[in-house]
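For reference, run16.txt (compact mmCIF, C-alpha atoms):
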# COMPACT_ATOMS: atom_id res chain seq x y z
CA MET W 1 6.78 -1.24 -13.73
CA LEU W 2 8.59 -4.58 -13.47
CA MET W 3 9.85 -4.29 -17.05
CA LEU W 4 11.00 -0.70 -16.50
CA TYR W 5 12.65 -1.41 -13.16
CA PRO W 6 13.86 -5.04 -13.21
CA SER W 7 16.22 -4.59 -10.24
CA GLY W 8 15.32 -3.85 -6.64
CA VAL W 9 15.90 -0.13 -7.14
CA TRP W 10 12.19 0.70 -6.66
CA GLN W 11 10.30 -1.62 -4.31
CA HIS W 12 7.31 0.55 -3.42
CA VAL W 13 4.69 2.05 -5.69
CA ASN W 14 2.70 4.26 -3.33
CA TYR W 15 2.62 7.99 -2.72
CA GLY W 16 4.10 7.97 0.78
CA TYR W 17 3.34 9.61 4.10
CA ALA W 18 5.17 12.18 6.22
CA PRO W 19 4.36 13.79 9.57
CA LEU W 20 4.06 17.57 9.22
CA THR W 21 7.56 18.25 10.50
CA GLU W 22 10.54 19.70 8.67
CA ASP W 23 12.15 16.33 7.87
CA GLY W 24 8.91 14.32 7.76
CA ARG W 25 10.37 11.33 9.63
CA LEU W 26 7.96 8.95 11.34
CA MET W 27 10.18 6.11 12.61
CA PRO W 28 13.84 5.04 12.62
CA LEU W 29 15.19 3.10 9.64
CA ALA W 30 18.46 1.36 8.87
CA PRO W 31 20.65 3.37 6.44
CA GLN W 32 20.02 0.94 3.57
CA ASP W 33 16.27 1.52 3.84
CA GLU W 34 16.33 5.32 3.90
CA THR W 35 16.00 5.71 0.13
CA GLU W 36 12.30 4.85 0.09
CA ARG W 37 11.55 6.20 3.55
CA PHE W 38 8.26 7.93 2.74
CA SER W 39 6.73 4.93 1.00
CA LEU W 40 7.75 2.74 3.95
CA GLN W 41 6.18 5.27 6.30
CA LEU W 42 2.84 4.80 4.56
CA TYR W 43 3.13 1.06 5.22
CA HIS W 44 4.01 1.71 8.86
CA TRP W 45 1.11 4.14 9.28
CA THR W 46 -1.33 1.73 7.68
CA ALA W 47 -0.20 -1.57 9.19
CA THR W 48 0.04 -0.21 12.75
CA ALA W 49 -3.50 1.13 12.37
CA MET W 50 -2.20 4.67 12.77
CA GLY W 51 -0.36 3.79 15.96
CA MET W 52 -2.91 1.43 17.53
CA PHE W 53 -0.31 -1.35 17.38
CA THR W 54 3.31 -0.91 18.45
CA ASN W 55 4.29 -4.07 16.55
CA LEU W 56 2.77 -7.03 14.70
CA ASP W 57 4.41 -9.75 16.79
CA GLY W 58 2.78 -13.13 16.18
CA LYS W 59 0.38 -11.79 13.55
CA THR W 60 -0.38 -13.15 10.08
CA ILE W 61 -0.68 -10.32 7.57
CA ALA W 62 -2.04 -10.42 4.02
CA GLU W 63 -1.64 -7.74 1.38
CA PRO W 64 -3.63 -7.90 -1.87
CA SER W 65 -1.79 -6.10 -4.70
CA SER W 66 1.51 -6.55 -2.88
CA GLY W 67 3.52 -5.45 -5.93
CA ARG W 68 7.24 -5.75 -5.39
CA GLY W 69 6.99 -6.87 -1.79
CA GLY W 70 9.05 -4.17 -0.10
CA GLY W 71 6.24 -3.16 2.23
CA LEU W 72 5.78 -6.71 3.49
CA LEU W 73 9.50 -7.03 4.09
CA TYR W 74 9.24 -3.96 6.34
CA LEU W 75 6.42 -5.60 8.31
CA VAL W 76 8.44 -8.73 9.13
CA LYS W 77 11.79 -6.97 9.52
CA TYR W 78 10.76 -3.98 11.65
CA LEU W 79 7.30 -4.77 13.03
CA LYS W 80 8.02 -8.47 13.65
CA ALA W 81 5.01 -9.97 11.86
CA ALA W 82 5.06 -13.76 12.12
CA LYS W 83 4.03 -14.21 8.50
CA ALA W 84 3.27 -11.88 5.62
CA ILE W 85 1.42 -13.06 2.51
CA GLY W 86 1.69 -11.04 -0.68
CA ILE W 87 -1.05 -11.55 -3.25
CA ASP W 88 -0.87 -10.11 -6.75
CA ILE W 89 -2.61 -10.71 -10.06
CA SER W 90 0.65 -10.22 -11.95
CA THR W 91 2.47 -13.53 -12.37
CA ALA W 92 5.63 -11.59 -13.29
CA GLN W 93 5.52 -9.67 -9.99
CA ILE W 94 4.98 -12.86 -7.99
CA GLN W 95 7.84 -14.70 -9.67
CA TRP W 96 10.13 -11.70 -9.17
CA CYS W 97 9.23 -11.51 -5.47
CA LYS W 98 9.72 -15.23 -4.94
CA GLU W 99 13.23 -15.01 -6.35
CA TYR W 100 14.19 -11.67 -4.78
CA PHE W 101 12.94 -12.63 -1.29
CA LYS W 102 13.83 -16.34 -1.43
CA ASN W 103 15.87 -16.05 1.77
CA GLU W 104 13.03 -14.45 3.76
CA PRO W 105 11.16 -17.39 5.34
CA LYS W 106 8.39 -15.22 6.83
CA LEU W 107 7.35 -13.93 3.39
CA GLU W 108 5.06 -15.83 1.03
CA PHE W 109 3.98 -14.63 -2.41
CA VAL W 110 1.05 -16.12 -4.31
CA TYR W 111 -0.76 -15.36 -7.53
CA GLY W 112 -4.33 -14.33 -6.85
CA ASP W 113 -7.25 -12.01 -7.49
CA ALA W 114 -8.11 -9.46 -4.80
CA GLU W 115 -11.78 -10.23 -5.44
CA LYS W 116 -11.28 -13.98 -4.80
CA LEU W 117 -9.06 -13.99 -1.70
CA SER W 118 -10.93 -16.69 0.21
CA GLN W 119 -10.33 -19.17 -2.62
CA LEU W 120 -6.56 -19.06 -2.12
CA GLU W 121 -4.86 -21.86 -0.22
CA ALA W 122 -2.59 -19.29 1.44
CA CYS W 123 -5.44 -17.41 3.14
CA PRO W 124 -8.60 -19.48 3.62
CA PRO W 125 -11.58 -18.03 5.50
CA GLY W 126 -10.82 -16.96 9.05
CA SER W 127 -7.04 -17.30 8.79
CA VAL W 128 -5.61 -13.74 8.73
CA ASP W 129 -5.11 -11.33 11.63
CA ILE W 130 -4.68 -8.15 9.57
CA VAL W 131 -5.33 -7.37 5.91
CA ILE W 132 -3.60 -4.26 4.64
CA SER W 133 -4.24 -2.36 1.44
CA VAL W 134 -2.01 0.52 0.37
CA ASP W 135 -2.98 2.88 -2.49
CA SER W 136 -4.57 0.13 -4.56
CA ALA W 137 -8.21 -0.44 -3.54
CA HIS W 138 -9.55 2.24 -5.90
CA LEU W 139 -8.27 0.18 -8.84
CA TYR W 140 -10.46 -2.88 -8.23
CA PRO W 141 -13.37 -3.28 -10.66
CA ASN W 142 -15.65 -4.50 -7.86
CA PHE W 143 -14.66 -2.80 -4.60
CA LYS W 144 -17.61 -4.34 -2.77
CA LYS W 145 -16.52 -7.86 -3.70
CA PHE W 146 -12.98 -7.07 -2.52
CA CYS W 147 -14.31 -5.92 0.89
CA GLU W 148 -16.47 -9.04 1.15
CA GLU W 149 -13.42 -11.23 0.53
CA VAL W 150 -11.36 -9.31 3.12
CA ASP W 151 -14.16 -9.88 5.63
CA ARG W 152 -14.11 -13.61 4.85
CA ILE W 153 -10.40 -14.21 5.34
CA LEU W 154 -10.11 -12.19 8.57
CA LYS W 155 -10.14 -14.01 11.88
CA PRO W 156 -12.83 -12.96 14.37
CA GLY W 157 -11.54 -9.72 15.87
CA GLY W 158 -9.20 -9.19 12.90
CA TYR W 159 -8.47 -5.83 11.31
CA PHE W 160 -8.66 -4.38 7.82
CA CYS W 161 -6.25 -1.43 7.53
CA VAL W 162 -6.65 0.38 4.23
CA THR W 163 -5.08 3.56 2.91
CA ASP W 164 -6.26 4.84 -0.44
CA PHE W 165 -6.67 7.98 -2.50
CA ARG W 166 -9.79 8.79 -4.51
CA GLU W 167 -11.73 11.73 -5.79
CA VAL W 168 -13.19 13.31 -2.67
CA GLN W 169 -16.84 12.68 -3.52
CA TYR W 170 -16.39 8.88 -3.61
CA PHE W 171 -15.26 8.37 0.01
CA PRO W 172 -18.73 8.31 1.64
CA GLU W 173 -19.81 5.50 -0.71
CA ALA W 174 -16.53 3.64 -0.12
CA GLU W 175 -17.13 3.81 3.63
CA ARG W 176 -20.68 2.52 3.22
CA ILE W 177 -19.39 -0.42 1.18
CA MET W 178 -16.62 -1.26 3.66
CA GLU W 179 -19.17 -1.49 6.47
CA SER W 180 -21.74 -3.47 4.47
CA PHE W 181 -20.41 -6.80 5.79
CA ASN W 182 -19.26 -7.69 9.33
CA MET W 183 -16.44 -5.15 9.61
CA LYS W 184 -17.00 -1.74 11.19
CA ILE W 185 -14.86 1.40 11.04
CA VAL W 186 -13.10 1.97 14.36
CA LYS W 187 -10.70 4.69 13.24
CA LYS W 188 -10.12 6.92 10.23
CA ASN W 189 -7.88 9.80 9.26
CA ASN W 190 -7.53 12.25 6.39
CA ASN W 191 -3.87 11.91 5.34
CA THR W 192 -3.95 14.35 2.44
CA ALA W 193 -1.64 16.97 3.96
CA ASN W 194 0.79 14.22 5.02
CA VAL W 195 0.90 12.72 1.54
CA ILE W 196 1.50 16.12 -0.06
CA HIS W 197 4.31 16.83 2.41
CA GLY W 198 5.90 13.45 1.71
CA LEU W 199 5.72 13.99 -2.03
CA LYS W 200 7.42 17.37 -1.70
CA LEU W 201 10.26 15.76 0.26
CA ASP W 202 10.50 12.74 -2.05
CA GLY W 203 9.73 14.28 -5.45
CA GLU W 204 13.33 14.84 -6.54
CA ARG W 205 14.20 11.17 -5.95
CA ARG W 206 11.15 9.99 -7.88
CA LEU W 207 11.97 12.12 -10.92
CA LYS W 208 15.64 11.11 -10.81
CA LEU W 209 14.69 7.43 -10.96
CA ILE W 210 12.56 8.07 -14.02
CA GLU W 211 15.31 10.07 -15.72
CA GLU W 212 17.98 7.45 -15.06
CA HIS W 213 16.08 4.22 -15.68
CA VAL W 214 13.20 4.79 -18.10
CA HIS W 215 13.17 4.86 -21.89
CA PHE W 216 12.33 8.36 -23.13
CA TRP W 217 9.03 7.17 -24.67
CA PHE W 218 7.68 6.33 -21.19
CA LYS W 219 9.09 9.29 -19.26
CA PRO W 220 6.15 11.72 -19.79
CA PHE W 221 3.59 9.14 -18.64
CA LEU W 222 5.54 8.17 -15.52
CA LYS W 223 6.34 11.77 -14.60
CA TRP W 224 2.64 12.63 -14.91
CA ASN W 225 1.85 9.82 -12.44
CA SER W 226 4.98 10.08 -10.27
CA GLY W 227 3.42 12.14 -7.49
CA ALA W 228 6.16 14.78 -7.79
CA GLU W 229 5.13 18.44 -7.83
CA GLY W 230 3.30 19.22 -11.07
CA SER W 231 2.10 15.63 -11.56
CA ARG W 232 -1.53 14.57 -11.89
CA ILE W 233 -1.77 13.16 -8.36
CA PHE W 234 0.04 16.07 -6.71
CA LYS W 235 -2.23 18.59 -8.43
CA GLY W 236 -5.36 16.65 -7.54
CA LEU W 237 -4.40 16.39 -3.87
CA SER W 238 -3.25 20.02 -3.64
CA GLU W 239 -6.38 21.37 -5.34
CA GLY W 240 -8.72 19.33 -3.15
CA ARG W 241 -10.10 17.12 -5.92
CA PHE W 242 -8.38 14.00 -4.52
CA ALA W 243 -7.92 12.98 -0.90
CA SER W 244 -6.04 10.24 0.93
CA TYR W 245 -7.63 8.48 3.88
CA THR W 246 -6.67 5.63 6.16
CA HIS W 247 -9.52 3.52 7.54
CA VAL W 248 -9.21 0.86 10.22
CA LEU W 249 -12.05 -1.64 10.36
CA GLN W 250 -12.49 -4.51 12.80
CA LYS W 251 -14.41 -7.75 12.41
CA PRO W 252 -16.48 -8.72 15.46
CA LYS W 253 -14.74 -11.06 17.90
CA ASN W 254 -17.70 -13.43 18.04
Step by step, read the file and then write its structure as structure tokens.
Amino acid sequence: MLMLYPSGVWQHVNYGYAPLTEDGRLMPLAPQDETERFSLQLYHWTATAMGMFTNLDGKTIAEPSSGRGGGLLYLVKYLKAAKAIGIDISTAQIQWCKEYFKNEPKLEFVYGDAEKLSQLEACPPGSVDIVISVDSAHLYPNFKKFCEEVDRILKPGGYFCVTDFREVQYFPEAERIMESFNMKIVKKNNNTANVIHGLKLDGERRLKLIEEHVHFWFKPFLKWNSGAEGSRIFKGLSEGRFASYTHVLQKPKN
């Protein structure tokens, strides 16, 4: 993605979220942020624990697989997080983010493995208030190890807010794994209808980006994974084979 989109034209690689209203708007945004509204709404929905938190004032946030960093910028800019740490296994992504966000003192980007979080100097054990994960956890080879590492870096009483899509039959096992350490599920929601609605509202923009910025060799692959109507993800969600859930887990306070 970084090679295909070297500028800041596409800062979020998730499938979005929209309330089931005509315009699908969840929260106010500045005009310059409207372009990727639905992807930002998924960050808002996830990081606020589906409305449990009105803001993140004073909180330290960590995001494994932070990608291009646009979601973390939203958390410090709009939700007033004190610090947001982006962790990614792609050195190219991290270097890009460090340069692109060099004037954002509340953002920190570090190279790291989502299955080795507690080994990072940026987020040692017991140092993070909220860990967020947005449409990426299903990609980790060892999901259980990832959850163990999240549990380690959370402060007592800290939260793990995770939104992900999977084939429907795998969610019960994912929930069992998430609760196999100290964290327990305190809230969950099936977002599938909201993701589909957001993709319908955002599909034209997604396809236009591909048409205008991608070499023709890569266009079929990206369109198939774009989330726009007719794509692999859209079909899977619409046909009930895939689902999107948000889970909020909390680590005990003592």
Quiz item: For Glu121 (chain W), which residue out of W:Ala137, W:Ile94, W:Ile153, W:Ala243 is the nearest one, using all atoms listed in the file?
Solution: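 Between W:Ala137, W:Ile94, W:Ile153, W:Ala243, the residue approaching Glu121 (chain W) most closely is W:Ile153.
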Exercise. Please return, as a PyMOL selection string, all polymer residues that have at least one atom within 6 Å of the point (-1.2, -9.5, -1.6); use all atoms listed in the file and the file's own coordinate frame.
Key: chain W and resi 62-66+86-88
Quiz item: What is the CA of Leu79 (chain W)-CA of Thr54 (chain W) distance in Å, reported with one decimal?
Solution: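 Between these atoms lies a distance of 7.8 Å.
Here CA of Pro156 (chain W) and CA of Pro252 (chain W) stand 5.7 Å from one another.
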Quiz item: Of the candidates W:Leu73, W:Leu40, W:Leu199, W:Val150, which shows the shortest atom-to-atom distance to Lys102 (chain W), using only C-alpha atoms?
Solution: W:Leu73
Quiz item: Within 12 Å of region 170-185 of chain W, counting only C-alpha atoms, which residues qualify if same-chain residues fewer than 5 places away don't, as number ranges by chain?
Solution: W: 49, 131, 137-138, 142-165, 190, 241-254
Practice problem: Could you tell me how far CA of Tyr140 (chain W) lies from CA of Leu56 (chain W), in Å and to one decimal? | Solution: 26.8 Å
Exercise. For each of W:Gly71, W:Gly58, W:Pro141, W:Gly24, take the minimum atom-to-atom distance to Val128 (chain W), counting all atoms listed in the file, then give the residue where this is smallest.
Key: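 Of all the options, W:Gly58 lies closest to Val128 (chain W).
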Self-check item: Residue neighbourhood Lys106 (chain W), 7 Å, only C-alpha atoms, exclusion window fewer than 2 positions, as JSON, numbers by chain
Solution: {"W": [76, 82, 83, 84, 104, 108]}
Practice problem: Determine the nearest neighbour of Thr60 (chain W) from the options W:Ala30, W:Leu107, W:Leu42, W:Val186, counting all atoms listed in the file. | Solution: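 With all atoms listed in the file as the atom set, the closest residue is W:Leu107.
For Leu26 (chain W), the list of residues within 8 Å, based on all atoms listed in the file and with local chain neighbours fewer than 3 positions off taken out, reads Ala18, Pro19 and Gln41 of chain W.
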Exercise. Excluding Gly70 (chain W) and residues on its chain fewer than 5 positions from it, collect all residues at most 9 Å away from it, counting only C-alpha atoms, and give them as a list in words.
Key: Trp10, Gln11, His12, Leu40 and Leu75 of chain W
Exercise. Fewer than 6 positions away in the same chain doesn't count, so skip those; otherwise give me all residues within 7 Å of region 35-38 of chain W, counting only C-alpha atoms, as a list in words.
Key: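 Answer for this query is Gly16, Tyr17, Ala18 and Gly198 of chain W.
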Requested write-out: C-alpha atoms of the selected residues, as a PDB file, in the coordinates of the input:
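Just written: result.pdb:
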ATOM      1  CA  GLY W  16       4.100   7.970   0.780  1.00  0.00           C
ATOM      2  CA  TYR W  17       3.340   9.610   4.100  1.00  0.00           C
ATOM      3  CA  ALA W  18       5.170  12.180   6.220  1.00  0.00           C
ATOM      4  CA  GLY W 198       5.900  13.450   1.710  1.00  0.00           C
TER       5      GLY W 198
END
Taking all listed atoms of region 35-41 of chain W, build the axis-aligned box, pad each of the six sides by 6 Å, then write its centre and edge lengths in Å to one decimal as JSON.
{"center_x": 11.1, "center_y": 5.3, "center_z": 3.2, "size_x": 21.8, "size_y": 17.2, "size_z": 18.2}
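If all atoms listed in the file are the atoms counted, then among W:Phe109, W:Arg232, W:Gln93, W:Tyr74 the closest residue to Leu29 (chain W) is W:Tyr74.
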Any chance you could build region 40-75 of chain W out to N, CA and C atoms and write it as a CSV table (one decimal), in the coordinates of the input?
chain,number,residue,atom,x,y,z
W,40,LEU,N,7.8,3.6,2.8
W,40,LEU,CA,7.8,2.7,4.0
W,40,LEU,C,6.9,3.3,5.1
W,41,GLN,N,7.0,4.6,5.2
W,41,GLN,CA,6.2,5.3,6.3
W,41,GLN,C,4.7,5.1,6.1
W,42,LEU,N,4.3,5.0,4.8
W,42,LEU,CA,2.8,4.8,4.6
W,42,LEU,C,2.5,3.4,5.0
W,43,TYR,N,3.4,2.4,4.7
W,43,TYR,CA,3.1,1.1,5.2
W,43,TYR,C,3.1,1.0,6.7
W,44,HIS,N,4.0,1.7,7.4
W,44,HIS,CA,4.0,1.7,8.9
W,44,HIS,C,2.7,2.3,9.4
W,45,TRP,N,2.3,3.5,8.9
W,45,TRP,CA,1.1,4.1,9.3
W,45,TRP,C,-0.1,3.3,9.1
W,46,THR,N,-0.2,2.6,8.0
W,46,THR,CA,-1.3,1.7,7.7
W,46,THR,C,-1.3,0.5,8.5
W,47,ALA,N,-0.2,-0.3,8.5
W,47,ALA,CA,-0.2,-1.6,9.2
W,47,ALA,C,-0.3,-1.5,10.7
W,48,THR,N,0.2,-0.4,11.3
W,48,THR,CA,0.0,-0.2,12.8
W,48,THR,C,-1.3,0.4,13.1
W,49,ALA,N,-2.2,0.5,12.1
W,49,ALA,CA,-3.5,1.1,12.4
W,49,ALA,C,-3.4,2.5,13.0
W,50,MET,N,-2.4,3.3,12.4
W,50,MET,CA,-2.2,4.7,12.8
W,50,MET,C,-1.8,4.7,14.2
W,51,GLY,N,-0.9,3.8,14.6
W,51,GLY,CA,-0.4,3.8,16.0
W,51,GLY,C,-1.1,3.0,17.0
W,52,MET,N,-2.2,2.3,16.6
W,52,MET,CA,-2.9,1.4,17.5
W,52,MET,C,-2.0,0.3,18.0
W,53,PHE,N,-1.2,-0.2,17.1
W,53,PHE,CA,-0.3,-1.4,17.4
W,53,PHE,C,1.1,-0.9,17.4
W,54,THR,N,1.9,-1.3,18.4
W,54,THR,CA,3.3,-0.9,18.4
W,54,THR,C,4.1,-1.9,17.6
W,55,ASN,N,3.6,-3.1,17.4
W,55,ASN,CA,4.3,-4.1,16.6
W,55,ASN,C,3.2,-5.1,16.1
W,56,LEU,N,3.7,-6.0,15.3
W,56,LEU,CA,2.8,-7.0,14.7
W,56,LEU,C,3.2,-8.4,15.1
W,57,ASP,N,3.8,-8.5,16.3
W,57,ASP,CA,4.4,-9.8,16.8
W,57,ASP,C,3.4,-10.9,16.8
W,58,GLY,N,3.7,-12.0,16.2
W,58,GLY,CA,2.8,-13.1,16.2
W,58,GLY,C,1.6,-13.1,15.2
W,59,LYS,N,1.5,-12.0,14.4
W,59,LYS,CA,0.4,-11.8,13.6
W,59,LYS,C,0.6,-12.3,12.1
W,60,THR,N,-0.4,-12.8,11.5
W,60,THR,CA,-0.4,-13.2,10.1
W,60,THR,C,-1.0,-12.0,9.3
W,61,ILE,N,-0.3,-11.5,8.4
W,61,ILE,CA,-0.7,-10.3,7.6
W,61,ILE,C,-0.9,-10.7,6.1
W,62,ALA,N,-1.9,-10.2,5.5
W,62,ALA,CA,-2.0,-10.4,4.0
W,62,ALA,C,-2.2,-9.1,3.3
W,63,GLU,N,-1.5,-9.0,2.2
W,63,GLU,CA,-1.6,-7.7,1.4
W,63,GLU,C,-2.0,-8.1,-0.1
W,64,PRO,N,-3.3,-7.8,-0.5
W,64,PRO,CA,-3.6,-7.9,-1.9
W,64,PRO,C,-2.9,-6.8,-2.6
W,65,SER,N,-2.5,-7.1,-3.9
W,65,SER,CA,-1.8,-6.1,-4.7
W,65,SER,C,-0.5,-5.7,-4.0
W,66,SER,N,0.3,-6.7,-3.6
W,66,SER,CA,1.5,-6.6,-2.9
W,66,SER,C,2.7,-6.0,-3.7
W,67,GLY,N,2.5,-6.0,-5.1
W,67,GLY,CA,3.5,-5.4,-5.9
W,67,GLY,C,4.9,-6.1,-5.8
W,68,ARG,N,5.9,-5.3,-5.5
W,68,ARG,CA,7.2,-5.8,-5.4
W,68,ARG,C,7.7,-6.2,-4.0
W,69,GLY,N,6.7,-6.2,-3.1
W,69,GLY,CA,7.0,-6.9,-1.8
W,69,GLY,C,7.8,-6.1,-0.7
W,70,GLY,N,8.2,-4.9,-1.0
W,70,GLY,CA,9.0,-4.2,-0.1
W,70,GLY,C,8.3,-3.8,1.2
W,71,GLY,N,7.0,-3.5,1.0
W,71,GLY,CA,6.2,-3.2,2.2
W,71,GLY,C,6.1,-4.3,3.2
W,72,LEU,N,5.9,-5.5,2.6
W,72,LEU,CA,5.8,-6.7,3.5
W,72,LEU,C,7.1,-7.0,4.2
W,73,LEU,N,8.2,-6.8,3.5
W,73,LEU,CA,9.5,-7.0,4.1
W,73,LEU,C,9.6,-6.1,5.3
W,74,TYR,N,9.2,-4.9,5.2
W,74,TYR,CA,9.2,-4.0,6.3
W,74,TYR,C,8.4,-4.5,7.5
W,75,LEU,N,7.3,-5.1,7.2
W,75,LEU,CA,6.4,-5.6,8.3
W,75,LEU,C,7.1,-6.7,9.1
